[in-house]
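Student: Below is the file structure_13.cif, which contains mmCIF, C-alpha atoms and all ligand atoms.
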```cif
data_my_file
loop_
_atom_site.label_atom_id
_atom_site.label_comp_id
_atom_site.auth_asym_id
_atom_site.auth_seq_id
_atom_site.Cartn_x
_atom_site.Cartn_y
_atom_site.Cartn_z
CA MET A 1 91.12 151.19 27.33
CA TYR A 2 93.80 152.49 29.64
CA THR A 3 93.19 152.78 33.38
CA CYS A 4 95.64 154.36 35.81
CA GLY A 5 96.68 151.69 38.28
CA PRO A 6 97.89 151.82 41.86
CA THR A 7 101.08 153.32 43.22
CA VAL A 8 102.35 150.32 45.12
CA HIS A 9 103.81 151.76 48.31
CA ASN A 10 100.85 150.82 50.50
CA TYR A 11 97.49 149.02 50.44
CA VAL A 12 94.87 150.73 48.28
CA HIS A 13 91.99 152.41 50.13
CA ILE A 14 88.29 152.04 49.44
CA GLY A 15 88.22 155.31 47.48
CA ASN A 16 90.76 153.84 45.04
CA LEU A 17 88.77 150.62 44.96
CA ARG A 18 85.64 152.52 44.03
CA THR A 19 87.44 153.66 40.89
CA TYR A 20 88.64 150.14 40.04
CA VAL A 21 85.13 148.74 40.58
CA PHE A 22 83.56 151.35 38.29
CA GLU A 23 86.20 150.61 35.63
CA ASP A 24 85.36 146.92 36.01
CA VAL A 25 81.67 147.65 35.35
CA LEU A 26 82.60 149.75 32.31
CA ARG A 27 84.85 146.99 31.03
CA ARG A 28 82.12 144.36 31.45
CA HIS A 29 79.64 146.68 29.71
CA VAL A 30 81.91 147.24 26.70
CA ARG A 31 82.57 143.52 26.38
CA SER A 32 78.87 142.68 26.65
CA LYS A 33 78.28 144.70 23.49
CA GLY A 34 80.57 142.35 21.61
CA TRP A 35 83.17 145.09 21.11
CA GLY A 36 86.82 144.11 21.19
CA LEU A 37 88.53 145.40 24.29
CA LYS A 38 92.17 145.53 25.22
CA HIS A 39 92.40 146.80 28.76
CA VAL A 40 95.79 148.06 29.93
CA MET A 41 96.53 149.04 33.51
CA ASN A 42 99.84 150.35 34.79
CA ILE A 43 101.48 149.69 38.10
CA THR A 44 103.40 152.73 39.34
CA ASP A 45 106.35 151.03 40.98
CA ILE A 46 108.56 154.09 41.12
CA ASP A 47 107.75 157.53 42.54
CA ASP A 48 108.71 159.84 45.43
CA LYS A 49 106.83 157.86 48.08
CA ILE A 50 108.09 154.47 46.90
CA ILE A 51 111.71 155.61 46.87
CA LYS A 52 111.34 157.05 50.35
CA GLY A 53 109.70 153.87 51.65
CA ALA A 54 112.22 151.52 50.01
CA LEU A 55 115.20 153.50 51.33
CA LYS A 56 113.69 153.52 54.79
CA ALA A 57 113.08 149.75 54.66
CA GLY A 58 116.58 149.16 53.27
CA GLN A 59 115.10 147.28 50.30
CA ASP A 60 115.48 147.54 46.54
CA LEU A 61 112.46 148.74 44.58
CA LYS A 62 111.19 145.31 43.49
CA SER A 63 111.40 143.75 46.96
CA TYR A 64 109.60 146.75 48.39
CA THR A 65 106.80 147.00 45.80
CA THR A 66 106.10 143.32 45.02
CA PRO A 67 104.09 142.53 48.18
CA TYR A 68 101.91 145.62 47.67
CA THR A 69 101.38 144.73 44.02
CA GLN A 70 100.31 141.22 45.02
CA ALA A 71 98.06 142.63 47.75
CA PHE A 72 96.41 144.89 45.18
CA PHE A 73 95.46 141.99 42.92
CA GLU A 74 94.32 140.00 45.94
CA ASP A 75 92.00 142.89 46.91
CA CYS A 76 90.71 143.07 43.34
CA ARG A 77 90.00 139.33 43.31
CA LYS A 78 88.04 139.61 46.55
CA LEU A 79 85.96 142.37 45.01
CA ARG A 80 85.36 140.35 41.81
CA ILE A 81 87.28 142.88 39.73
CA GLU A 82 88.43 141.24 36.51
CA ARG A 83 92.12 141.35 35.71
CA PRO A 84 93.17 143.76 32.95
CA ASP A 85 94.47 142.14 29.75
CA VAL A 86 97.85 143.84 30.06
CA ILE A 87 99.54 145.03 33.24
CA THR A 88 102.46 147.41 32.77
CA PRO A 89 104.86 148.01 35.68
CA ALA A 90 106.48 151.40 35.07
CA THR A 91 110.04 150.16 35.62
CA ASP A 92 109.63 147.73 32.67
CA TYR A 93 109.13 150.68 30.28
CA ILE A 94 112.05 152.97 31.10
CA PRO A 95 113.47 152.90 27.51
CA GLU A 96 110.08 154.04 26.13
CA MET A 97 109.97 156.85 28.71
CA ILE A 98 113.50 157.98 27.87
CA ASP A 99 112.57 157.98 24.19
CA LEU A 100 109.47 160.11 24.86
CA VAL A 101 111.44 162.64 26.94
CA ALA A 102 114.13 162.83 24.23
CA LYS A 103 111.49 163.58 21.59
CA LEU A 104 109.96 166.29 23.79
CA ILE A 105 113.38 167.92 24.20
CA ASP A 106 114.01 167.69 20.42
CA ARG A 107 110.75 169.43 19.63
CA GLY A 108 111.20 172.19 22.16
CA TYR A 109 108.50 171.03 24.60
CA ALA A 110 110.99 170.10 27.27
CA TYR A 111 114.14 171.65 28.66
CA GLN A 112 116.88 170.83 31.09
CA GLU A 113 117.23 172.76 34.31
CA GLY A 114 119.86 171.64 36.76
CA ASP A 115 120.10 167.88 36.21
CA SER A 116 116.36 167.37 35.66
CA VAL A 117 114.10 167.75 32.62
CA TYR A 118 110.84 169.75 32.67
CA TYR A 119 107.84 170.14 30.37
CA ARG A 120 107.31 173.70 29.20
CA ILE A 121 103.51 174.09 29.51
CA SER A 122 103.48 177.48 27.75
CA ARG A 123 104.57 175.66 24.58
CA PHE A 124 101.39 173.55 24.50
CA PRO A 125 98.35 175.73 23.61
CA ASN A 126 95.76 173.20 24.79
CA TYR A 127 97.28 172.91 28.25
CA GLY A 128 94.50 173.07 30.84
CA ARG A 129 91.64 172.19 28.49
CA LEU A 130 90.68 168.88 30.15
CA SER A 131 90.69 170.36 33.65
CA ARG A 132 89.21 173.69 32.48
CA LEU A 133 92.17 175.54 33.80
CA ASP A 134 92.18 179.23 32.99
CA LYS A 135 95.09 180.26 30.77
CA ARG A 136 95.70 183.26 33.05
CA ASP A 137 96.45 180.88 35.91
CA LEU A 138 99.44 179.26 34.21
CA LYS A 139 102.56 179.97 36.23
CA ILE A 140 105.00 180.63 33.43
CA GLY A 141 108.53 179.77 34.45
CA ALA A 142 107.51 178.11 37.74
CA ARG A 143 108.78 174.55 38.09
CA ILE A 144 107.31 171.66 40.06
CA ASP A 145 109.27 168.62 41.16
CA ALA A 146 106.51 166.79 43.02
CA ASP A 147 104.51 164.10 41.23
CA GLU A 148 101.28 165.36 42.77
CA TYR A 149 100.30 169.00 43.08
CA GLU A 150 97.23 171.24 43.16
CA LYS A 151 95.42 173.15 40.45
CA GLU A 152 96.68 176.38 42.01
CA GLU A 153 100.24 175.61 40.96
CA PRO A 154 100.14 174.70 37.26
CA GLY A 155 103.82 175.23 36.44
CA ASP A 156 106.33 173.31 34.32
CA PHE A 157 106.28 169.76 35.56
CA VAL A 158 109.14 167.31 35.86
CA LEU A 159 109.65 164.60 33.20
CA TRP A 160 112.98 163.22 34.33
CA LYS A 161 114.31 163.63 37.84
CA ALA A 162 117.97 163.57 38.76
CA PRO A 163 118.70 161.47 41.85
CA LYS A 164 118.98 163.58 45.00
CA HIS A 165 121.63 161.25 46.39
CA GLU A 166 123.54 158.19 45.26
CA LYS A 167 121.29 155.59 46.85
CA GLU A 168 118.23 156.65 44.87
CA PRO A 169 117.36 154.23 42.06
CA HIS A 170 118.15 155.76 38.67
CA TRP A 171 118.74 154.92 35.03
CA GLN A 172 121.16 156.29 32.44
CA ALA A 173 119.71 158.54 29.75
CA PRO A 174 121.22 160.83 27.08
CA PHE A 175 120.10 163.77 29.24
CA GLY A 176 121.72 162.39 32.37
CA PRO A 177 121.04 159.78 35.06
CA GLY A 178 117.63 159.92 36.68
CA ARG A 179 114.17 158.42 36.82
CA PRO A 180 110.85 159.24 35.18
CA GLY A 181 108.21 161.54 36.65
CA TRP A 182 104.85 159.92 37.32
CA HIS A 183 103.00 161.53 34.39
CA VAL A 184 105.43 160.47 31.69
CA GLU A 185 105.04 156.85 32.80
CA CYS A 186 101.41 156.65 31.72
CA SER A 187 101.92 158.42 28.36
CA ALA A 188 104.76 156.09 27.41
CA MET A 189 103.03 152.88 28.48
CA ALA A 190 99.61 153.77 27.08
CA MET A 191 101.00 154.63 23.64
CA LYS A 192 103.34 151.64 23.57
CA GLN A 193 100.43 149.26 24.27
CA LEU A 194 97.50 151.00 22.59
CA GLY A 195 98.86 153.33 19.90
CA LYS A 196 98.75 157.10 19.50
CA THR A 197 95.03 157.49 20.15
CA LEU A 198 93.21 155.50 22.84
CA ASP A 199 89.46 154.97 22.79
CA ILE A 200 88.95 155.19 26.53
CA HIS A 201 91.13 156.45 29.38
CA CYS A 202 89.82 156.14 32.94
CA GLY A 203 90.79 157.21 36.41
CA GLY A 204 89.45 159.01 39.45
CA VAL A 205 88.45 162.69 39.24
CA ASP A 206 91.54 163.56 41.27
CA ASN A 207 93.61 162.33 38.29
CA ILE A 208 92.20 165.00 35.96
CA PHE A 209 94.68 167.58 37.21
CA PRO A 210 97.57 167.36 36.97
CA HIS A 211 98.01 163.74 35.92
CA HIS A 212 95.75 163.43 32.88
CA GLU A 213 96.30 167.02 31.80
CA ASN A 214 100.02 166.26 31.71
CA GLU A 215 99.52 162.96 29.90
CA ILE A 216 97.72 164.84 27.11
CA ALA A 217 100.44 167.50 26.90
CA GLN A 218 103.24 164.92 26.69
CA SER A 219 101.52 162.60 24.22
CA GLU A 220 99.97 165.09 21.79
CA ALA A 221 103.15 167.20 21.64
CA VAL A 222 104.93 164.17 20.18
CA THR A 223 102.23 162.57 18.01
CA GLY A 224 100.22 165.61 16.88
CA LYS A 225 97.12 163.40 17.27
CA PRO A 226 94.34 163.37 19.87
CA PHE A 227 95.57 161.21 22.75
CA VAL A 228 92.19 160.01 24.01
CA ARG A 229 88.68 159.86 22.50
CA PHE A 230 86.78 159.43 25.78
CA TRP A 231 87.94 160.36 29.24
CA VAL A 232 85.88 158.61 31.91
CA HIS A 233 86.42 159.69 35.51
CA GLY A 234 84.91 158.27 38.69
CA GLU A 235 83.81 160.69 41.40
CA HIS A 236 85.14 160.81 44.95
CA LEU A 237 84.21 158.54 47.79
CA LEU A 238 83.45 160.21 51.12
CA VAL A 239 83.26 158.44 54.46
CA GLU A 240 80.30 159.53 56.62
CA GLY A 241 80.17 162.73 54.55
CA GLU A 242 83.84 163.63 54.99
CA LYS A 243 86.94 163.35 52.89
CA MET A 244 88.91 160.28 53.88
CA SER A 245 92.10 161.02 55.76
CA LYS A 246 94.37 159.15 58.10
CA SER A 247 94.35 161.99 60.64
CA LYS A 248 90.54 161.88 60.91
CA GLY A 249 90.57 158.14 61.52
CA ASN A 250 88.14 157.56 58.65
CA PHE A 251 90.67 156.05 56.26
CA PHE A 252 89.93 152.45 55.28
CA THR A 253 91.59 149.82 53.17
CA LEU A 254 89.70 146.71 52.09
CA ARG A 255 91.66 144.80 54.74
CA ASP A 256 90.38 147.11 57.47
CA LEU A 257 86.79 146.31 56.49
CA LEU A 258 87.40 142.56 56.16
CA ASP A 259 89.03 142.57 59.60
CA ARG A 260 85.74 143.94 60.88
CA GLN A 261 84.04 140.88 59.34
CA TYR A 262 82.29 142.66 56.48
CA ASP A 263 81.53 140.57 53.41
CA PRO A 264 83.61 141.68 50.39
CA LEU A 265 80.53 141.21 48.21
CA ALA A 266 78.58 143.71 50.34
CA ILE A 267 81.44 146.17 49.87
CA ARG A 268 81.36 145.65 46.11
CA TYR A 269 77.58 145.99 46.13
CA LEU A 270 77.82 149.31 47.94
CA LEU A 271 80.49 150.58 45.53
CA VAL A 272 78.49 149.48 42.49
CA SER A 273 75.16 150.82 43.77
CA VAL A 274 76.04 154.50 43.24
CA PRO A 275 76.60 155.63 39.62
CA TYR A 276 80.25 156.52 39.03
CA ARG A 277 79.56 160.18 38.22
CA LYS A 278 77.99 160.76 41.65
CA ARG A 279 79.89 161.16 44.87
CA LEU A 280 79.56 158.07 46.99
CA ASN A 281 79.04 158.57 50.68
CA PHE A 282 80.35 155.45 52.39
CA THR A 283 78.58 154.83 55.71
CA TRP A 284 78.28 151.84 58.03
CA ASP A 285 74.50 152.01 57.60
CA GLY A 286 74.99 151.94 53.85
CA LEU A 287 77.16 148.87 54.17
CA LEU A 288 74.52 147.10 56.28
CA ALA A 289 71.86 148.06 53.75
CA ALA A 290 74.04 146.59 50.98
CA GLN A 291 74.32 143.37 52.97
CA ARG A 292 70.53 143.28 53.41
CA SER A 293 70.03 143.71 49.66
CA LEU A 294 72.36 140.79 49.03
CA ASP A 295 70.52 138.68 51.60
CA ARG A 296 67.23 139.42 49.87
CA MET A 297 68.70 138.44 46.53
CA LYS A 298 70.12 135.24 47.96
CA GLU A 299 66.90 134.27 49.73
CA PHE A 300 64.99 134.83 46.53
CA LEU A 301 67.38 132.78 44.42
CA PHE A 302 67.36 129.93 46.92
CA ARG A 303 63.58 129.97 47.01
CA LEU A 304 63.40 130.08 43.22
CA GLN A 305 65.88 127.24 42.72
CA THR A 306 64.33 124.91 45.26
CA ALA A 307 60.64 125.57 44.55
CA ARG A 308 58.51 122.79 43.07
CA LEU A 309 57.04 124.37 39.97
CA GLU A 310 54.53 123.40 37.33
CA PRO A 311 55.70 123.07 33.75
CA GLY A 312 55.03 125.87 31.27
CA SER A 313 55.25 129.61 31.60
CA ASN A 314 53.18 132.52 32.88
CA PRO A 315 52.83 135.04 30.01
CA GLU A 316 52.38 138.01 32.35
CA LEU A 317 55.50 137.14 34.33
CA ASP A 318 57.40 136.41 31.15
CA GLY A 319 56.54 139.90 29.92
CA PHE A 320 57.65 141.40 33.22
CA THR A 321 60.96 139.53 33.15
CA GLY A 322 61.62 140.77 29.61
CA ALA A 323 60.80 144.33 30.65
CA ALA A 324 63.11 144.10 33.69
CA ALA A 325 65.95 142.80 31.51
CA ALA A 326 65.41 145.64 29.01
CA ALA A 327 65.28 148.23 31.80
CA PHE A 328 68.50 146.82 33.26
CA GLU A 329 70.25 147.13 29.90
CA ASN A 330 68.89 150.61 29.18
CA SER A 331 70.05 151.83 32.57
CA LEU A 332 73.60 150.65 31.99
CA ASP A 333 73.55 152.09 28.47
CA ASP A 334 72.64 155.41 30.08
CA ASP A 335 76.17 156.28 31.21
CA LEU A 336 76.30 153.23 33.51
CA ASN A 337 73.36 154.08 35.72
CA THR A 338 74.02 151.20 38.08
CA ALA A 339 71.52 152.41 40.71
CA GLN A 340 68.66 152.21 38.24
CA ALA A 341 69.90 148.87 36.90
CA LEU A 342 69.81 147.37 40.41
CA GLY A 343 66.37 148.90 40.87
CA SER A 344 65.03 146.82 37.99
CA VAL A 345 66.55 143.67 39.53
CA PHE A 346 64.66 144.27 42.78
CA ASP A 347 61.43 145.13 40.94
CA LEU A 348 61.65 141.69 39.41
CA ILE A 349 62.42 140.02 42.75
CA ARG A 350 59.33 141.61 44.33
CA LYS A 351 57.10 140.53 41.46
CA CYS A 352 58.50 136.99 41.46
CA ASN A 353 58.22 136.56 45.22
CA THR A 354 54.52 137.33 44.95
CA ALA A 355 54.15 134.97 42.00
CA LEU A 356 55.95 132.21 43.93
CA SER A 357 53.63 132.66 46.91
CA ASP A 358 50.61 132.52 44.63
CA GLY A 359 51.91 129.47 42.74
CA LEU A 360 51.99 131.47 39.52
CA LEU A 361 55.65 131.04 38.64
CA LYS A 362 56.30 128.16 36.22
CA GLN A 363 59.33 126.13 35.20
CA GLU A 364 60.00 128.13 32.02
CA ASP A 365 59.77 131.37 33.99
CA ARG A 366 62.40 130.10 36.38
CA LYS A 367 64.76 129.32 33.52
CA ARG A 368 64.39 132.79 32.10
CA ILE A 369 64.76 134.51 35.47
CA LEU A 370 67.91 132.54 36.29
CA GLN A 371 69.26 133.48 32.86
CA PHE A 372 68.65 137.12 33.73
CA PHE A 373 70.54 136.74 37.02
CA ASP A 374 73.45 135.23 35.08
CA ASP A 375 73.49 138.42 33.02
CA VAL A 376 73.32 140.57 36.15
CA GLU A 377 76.32 138.68 37.51
CA GLY A 378 78.20 139.04 34.24
CA ARG A 379 77.66 142.79 34.21
CA LEU A 380 77.73 143.90 37.83
CA ALA A 381 79.20 140.83 39.60
CA VAL A 382 77.03 141.28 42.69
CA VAL A 383 75.01 138.05 42.71
CA PRO A 384 75.69 135.94 45.85
CA LEU A 385 76.87 132.38 45.31
CA MET A 386 74.21 129.88 46.29
CA GLU A 387 76.49 127.49 48.12
CA THR A 388 75.99 127.84 51.84
CA ILE A 389 78.84 126.42 53.83
CA VAL A 390 78.77 124.84 57.26
CA GLN A 391 80.55 127.16 59.67
CA GLY A 392 83.79 125.89 61.07
CA ASP A 393 87.27 125.20 59.83
CA GLU A 394 88.43 128.17 57.78
CA GLU A 395 90.84 126.20 55.65
CA ILE A 396 88.23 123.61 54.68
CA GLU A 397 85.72 126.31 53.92
CA SER A 398 88.15 128.11 51.69
CA LEU A 399 88.86 124.87 49.78
CA ILE A 400 85.13 124.29 49.35
CA ALA A 401 84.72 127.87 48.14
CA SER A 402 87.51 127.34 45.58
CA ARG A 403 85.87 124.14 44.41
CA ASN A 404 82.52 125.85 44.00
CA GLU A 405 84.19 128.68 42.16
CA ALA A 406 85.86 126.14 39.83
CA ARG A 407 82.48 124.46 39.23
CA ARG A 408 80.86 127.79 38.57
CA LYS A 409 83.50 128.44 35.92
CA GLY A 410 83.03 124.95 34.46
CA ASP A 411 86.52 123.79 35.48
CA PHE A 412 85.38 120.37 36.65
CA ALA A 413 88.86 118.86 36.61
CA LEU A 414 90.01 121.38 39.19
CA ALA A 415 86.78 120.91 41.18
CA ASP A 416 87.36 117.14 41.31
CA GLN A 417 90.98 117.66 42.28
CA ILE A 418 89.94 119.83 45.24
CA ARG A 419 87.28 117.30 46.25
CA GLN A 420 89.98 114.61 46.29
CA GLN A 421 92.27 116.90 48.28
CA LEU A 422 89.55 117.26 50.91
CA LEU A 423 88.90 113.52 50.91
CA ASP A 424 92.61 112.88 51.51
CA ARG A 425 92.24 114.96 54.65
CA GLY A 426 89.21 112.97 55.77
CA VAL A 427 86.60 115.49 54.71
CA VAL A 428 83.56 114.34 52.74
CA ILE A 429 81.53 116.96 50.92
CA GLU A 430 77.97 116.72 49.71
CA ASP A 431 76.15 119.03 47.35
CA THR A 432 72.60 119.45 48.56
CA ARG A 433 69.68 121.69 47.75
CA GLU A 434 70.77 123.91 50.59
CA GLY A 435 74.29 124.19 49.21
CA THR A 436 77.53 122.36 49.86
CA LYS A 437 77.85 120.67 53.24
CA TRP A 438 80.81 118.87 54.68
CA ARG A 439 81.43 116.29 57.37
CA LEU A 440 84.36 114.27 58.63
CA LYS A 441 84.70 110.78 57.16
ZN ZN B 501 98.18 157.32 34.98
#
```
As structure tokens, please, write out the structure in this file.

Tutor:
Amino acid sequence: MYTCGPTVHNYVHIGNLRTYVFEDVLRRHVRSKGWGLKHVMNITDIDDKIIKGALKAGQDLKSYTTPYTQAFFEDCRKLRIERPDVITPATDYIPEMIDLVAKLIDRGYAYQEGDSVYYRISRFPNYGRLSRLDKRDLKIGARIDADEYEKEEPGDFVLWKAPKHEKEPHWQAPFGPGRPGWHVECSAMAMKQLGKTLDIHCGGVDNIFPHHENEIAQSEAVTGKPFVRFWVHGEHLLVEGEKMSKSKGNFFTLRDLLDRQYDPLAIRYLLVSVPYRKRLNFTWDGLLAAQRSLDRMKEFLFRLQTARLEPGSNPELDGFTGAAAAAFENSLDDDLNTAQALGSVFDLIRKCNTALSDGLLKQEDRKRILQFFDDVEGRLAVVPLMETIVQGDEEIESLIASRNEARRKGDFALADQIRQQLLDRGVVIEDTREGTKWRLK
């Protein structure tokens, strides 16, 4: 599976993060079936915007892009997005890109014009098939230098760009000094890591044209084989019904939301709660509703874990739990219908809350229900951690959170090490029914 990664000239916005969250759910789903998965994600660390930003900041490419790359993975971690198996920074694959461009020139799919190299779209009969572009719309002979452009201007796109002035980063190639266009990056890296035909290629719908259309044209022209078996694209995210834009003041990064004290898990929950093929309308009310859903889940789990229960099991409830688990699975099998999957989780919570009140939930039922919530966490990663932490010192709380995370993952050595670290600072922690509490020694 290949997923188009971030262009690291800025912090990613919540629309980008919606795509990465949906890809994370897809990845978890594929793995849950026991299928082998190699997930490759690129980092675009060279393009028009990056060069402009780096020149302006007086930095070289790596110094300019590294903090944004680190910030991206930090954002992903906060949103419980698993790390891809292979991460490919574009500037590590320049030889592969040069090789691909050379092959395209050899086979007549690319030509030199000025000091740059362009892809001749009229040479590739399937051009426009993925984005359902009408053949009549092709602008034969028109050339585009920008990495991003609209469907209205489907001309020959740039594969290798000559530097506009000396200071621009560039590499030597048989067809002259320059640097790769954005589209050729993904073709070269995807095929290097995953072979001529990929099973799954993901991205946002705005990648369909021109980016993915161009990836197909570049790759298939050289291999003669289908580039991708399944294209999976996530729909747009709107904010309060409008397209996000900086000028409208409705443009948000994850940092912006965390600065406003929103819980990253509530943000993930909101992003997961709408199936990827539907547009997601991000609203403040929606975010509060997501937080309320998480609170309900947490209250229920706390109640379930701390209740005094009779041994045995309740056959009716057992049947209901099995049905909820099956409905959850069927929903995700149905093109990742995450909304319906969450619906079955809350159906079960309602039923179990009633059973708890009536004393009809037994010890074996609890085991099975908690097992189901483990599965929900494995698949959607939206289950709140049970540890409640005493409010106060941020640094101590973050250490306690890391320890709990280590315990959750079964890394008890690390958990003990953090406990000792706290003790060295005079902080004693206690694990209680109500979660982890701390006090000064
Ligand atoms: Zn890409």

Student: With a cut-off of 10 Å, could you pull out the residues of chain A touching ligand ZN 501 (chain B) and give me the nearest pair of atoms for each, distance in Å to one decimal, using only C-alpha atoms and all ligand atoms, ordered by chain and ascending number, as CSV?

Tutor:
```
residue,atom,partner,partner_atom,distance
A:Tyr2,CA,B:ZN501,ZN,8.4
A:Thr3,CA,B:ZN501,ZN,6.9
A:Cys4,CA,B:ZN501,ZN,4.0
A:Gly5,CA,B:ZN501,ZN,6.7
A:Pro6,CA,B:ZN501,ZN,8.8
A:Thr7,CA,B:ZN501,ZN,9.6
A:Met41,CA,B:ZN501,ZN,8.6
A:Asn42,CA,B:ZN501,ZN,7.2
A:Ile43,CA,B:ZN501,ZN,8.9
A:Thr44,CA,B:ZN501,ZN,8.2
A:Trp182,CA,B:ZN501,ZN,7.5
A:His183,CA,B:ZN501,ZN,6.4
A:Val184,CA,B:ZN501,ZN,8.6
A:Glu185,CA,B:ZN501,ZN,7.2
A:Cys186,CA,B:ZN501,ZN,4.6
A:Ser187,CA,B:ZN501,ZN,7.7
A:Met189,CA,B:ZN501,ZN,9.2
A:Ala190,CA,B:ZN501,ZN,8.8
A:His201,CA,B:ZN501,ZN,9.0
A:Cys202,CA,B:ZN501,ZN,8.7
A:Gly203,CA,B:ZN501,ZN,7.5
A:Gly204,CA,B:ZN501,ZN,10.0
A:Asn207,CA,B:ZN501,ZN,7.5
A:Ile208,CA,B:ZN501,ZN,9.8
A:His211,CA,B:ZN501,ZN,6.5
A:His212,CA,B:ZN501,ZN,6.9
A:Asn214,CA,B:ZN501,ZN,9.7
A:Glu215,CA,B:ZN501,ZN,7.7
```

Student: Write the residues of the selection above to a file with C-alpha atoms, as a short mmCIF file (atom, residue, chain, number, x, y, z; two decimals), in the coordinates of the input.

Tutor:
```
data_model
loop_
_atom_site.label_atom_id
_atom_site.label_comp_id
_atom_site.auth_asym_id
_atom_site.auth_seq_id
_atom_site.Cartn_x
_atom_site.Cartn_y
_atom_site.Cartn_z
CA TYR A 2 93.80 152.49 29.64
CA THR A 3 93.19 152.78 33.38
CA CYS A 4 95.64 154.36 35.81
CA GLY A 5 96.68 151.69 38.28
CA PRO A 6 97.89 151.82 41.86
CA THR A 7 101.08 153.32 43.22
CA MET A 41 96.53 149.04 33.51
CA ASN A 42 99.84 150.35 34.79
CA ILE A 43 101.48 149.69 38.10
CA THR A 44 103.40 152.73 39.34
CA TRP A 182 104.85 159.92 37.32
CA HIS A 183 103.00 161.53 34.39
CA VAL A 184 105.43 160.47 31.69
CA GLU A 185 105.04 156.85 32.80
CA CYS A 186 101.41 156.65 31.72
CA SER A 187 101.92 158.42 28.36
CA MET A 189 103.03 152.88 28.48
CA ALA A 190 99.61 153.77 27.08
CA HIS A 201 91.13 156.45 29.38
CA CYS A 202 89.82 156.14 32.94
CA GLY A 203 90.79 157.21 36.41
CA GLY A 204 89.45 159.01 39.45
CA ASN A 207 93.61 162.33 38.29
CA ILE A 208 92.20 165.00 35.96
CA HIS A 211 98.01 163.74 35.92
CA HIS A 212 95.75 163.43 32.88
CA ASN A 214 100.02 166.26 31.71
CA GLU A 215 99.52 162.96 29.90
#
```

Student: At a cut-off of 8 Å, using all atoms listed in the file, what residues contact segment 374-386 of chain A? Leave out same-chain residues fewer than 2 positions from it and give the result as a list of chain:residue names.

Tutor: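 Here the qualifying residues turn out to be A:Val25, A:Arg28, A:His29, A:Ser32, A:Arg80, A:Leu265, A:Arg268, A:Tyr269, A:Val272, A:Leu294, A:Met297, A:Lys298, A:Leu301, A:Phe302, A:Leu370, A:Gln371, A:Phe372, A:Thr388, A:Gly435.
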
Student: Please return as an MDAnalysis selection string every residue within 12 Å of (85.9, 148.3, 42.4), taking into account all atoms listed in the file and the file's own coordinates.

Tutor: chainID A and resid 12:27 72:73 75:83 203:204 234 237 254 264:274 276 380:382

Student: Output C-alpha atoms for every residue in the selection just made, as an mmCIF file, keeping the file's coordinate frame.

Tutor:
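Okay, out.cif is ready:
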```
data_model
loop_
_atom_site.group_PDB
_atom_site.id
_atom_site.type_symbol
_atom_site.label_atom_id
_atom_site.label_comp_id
_atom_site.auth_asym_id
_atom_site.auth_seq_id
_atom_site.Cartn_x
_atom_site.Cartn_y
_atom_site.Cartn_z
ATOM 1 C CA VAL A 12 94.870 150.730 48.280
ATOM 2 C CA HIS A 13 91.990 152.410 50.130
ATOM 3 C CA ILE A 14 88.290 152.040 49.440
ATOM 4 C CA GLY A 15 88.220 155.310 47.480
ATOM 5 C CA ASN A 16 90.760 153.840 45.040
ATOM 6 C CA LEU A 17 88.770 150.620 44.960
ATOM 7 C CA ARG A 18 85.640 152.520 44.030
ATOM 8 C CA THR A 19 87.440 153.660 40.890
ATOM 9 C CA TYR A 20 88.640 150.140 40.040
ATOM 10 C CA VAL A 21 85.130 148.740 40.580
ATOM 11 C CA PHE A 22 83.560 151.350 38.290
ATOM 12 C CA GLU A 23 86.200 150.610 35.630
ATOM 13 C CA ASP A 24 85.360 146.920 36.010
ATOM 14 C CA VAL A 25 81.670 147.650 35.350
ATOM 15 C CA LEU A 26 82.600 149.750 32.310
ATOM 16 C CA ARG A 27 84.850 146.990 31.030
ATOM 17 C CA PHE A 72 96.410 144.890 45.180
ATOM 18 C CA PHE A 73 95.460 141.990 42.920
ATOM 19 C CA ASP A 75 92.000 142.890 46.910
ATOM 20 C CA CYS A 76 90.710 143.070 43.340
ATOM 21 C CA ARG A 77 90.000 139.330 43.310
ATOM 22 C CA LYS A 78 88.040 139.610 46.550
ATOM 23 C CA LEU A 79 85.960 142.370 45.010
ATOM 24 C CA ARG A 80 85.360 140.350 41.810
ATOM 25 C CA ILE A 81 87.280 142.880 39.730
ATOM 26 C CA GLU A 82 88.430 141.240 36.510
ATOM 27 C CA ARG A 83 92.120 141.350 35.710
ATOM 28 C CA GLY A 203 90.790 157.210 36.410
ATOM 29 C CA GLY A 204 89.450 159.010 39.450
ATOM 30 C CA GLY A 234 84.910 158.270 38.690
ATOM 31 C CA LEU A 237 84.210 158.540 47.790
ATOM 32 C CA LEU A 254 89.700 146.710 52.090
ATOM 33 C CA PRO A 264 83.610 141.680 50.390
ATOM 34 C CA LEU A 265 80.530 141.210 48.210
ATOM 35 C CA ALA A 266 78.580 143.710 50.340
ATOM 36 C CA ILE A 267 81.440 146.170 49.870
ATOM 37 C CA ARG A 268 81.360 145.650 46.110
ATOM 38 C CA TYR A 269 77.580 145.990 46.130
ATOM 39 C CA LEU A 270 77.820 149.310 47.940
ATOM 40 C CA LEU A 271 80.490 150.580 45.530
ATOM 41 C CA VAL A 272 78.490 149.480 42.490
ATOM 42 C CA SER A 273 75.160 150.820 43.770
ATOM 43 C CA VAL A 274 76.040 154.500 43.240
ATOM 44 C CA TYR A 276 80.250 156.520 39.030
ATOM 45 C CA LEU A 380 77.730 143.900 37.830
ATOM 46 C CA ALA A 381 79.200 140.830 39.600
ATOM 47 C CA VAL A 382 77.030 141.280 42.690
#
```
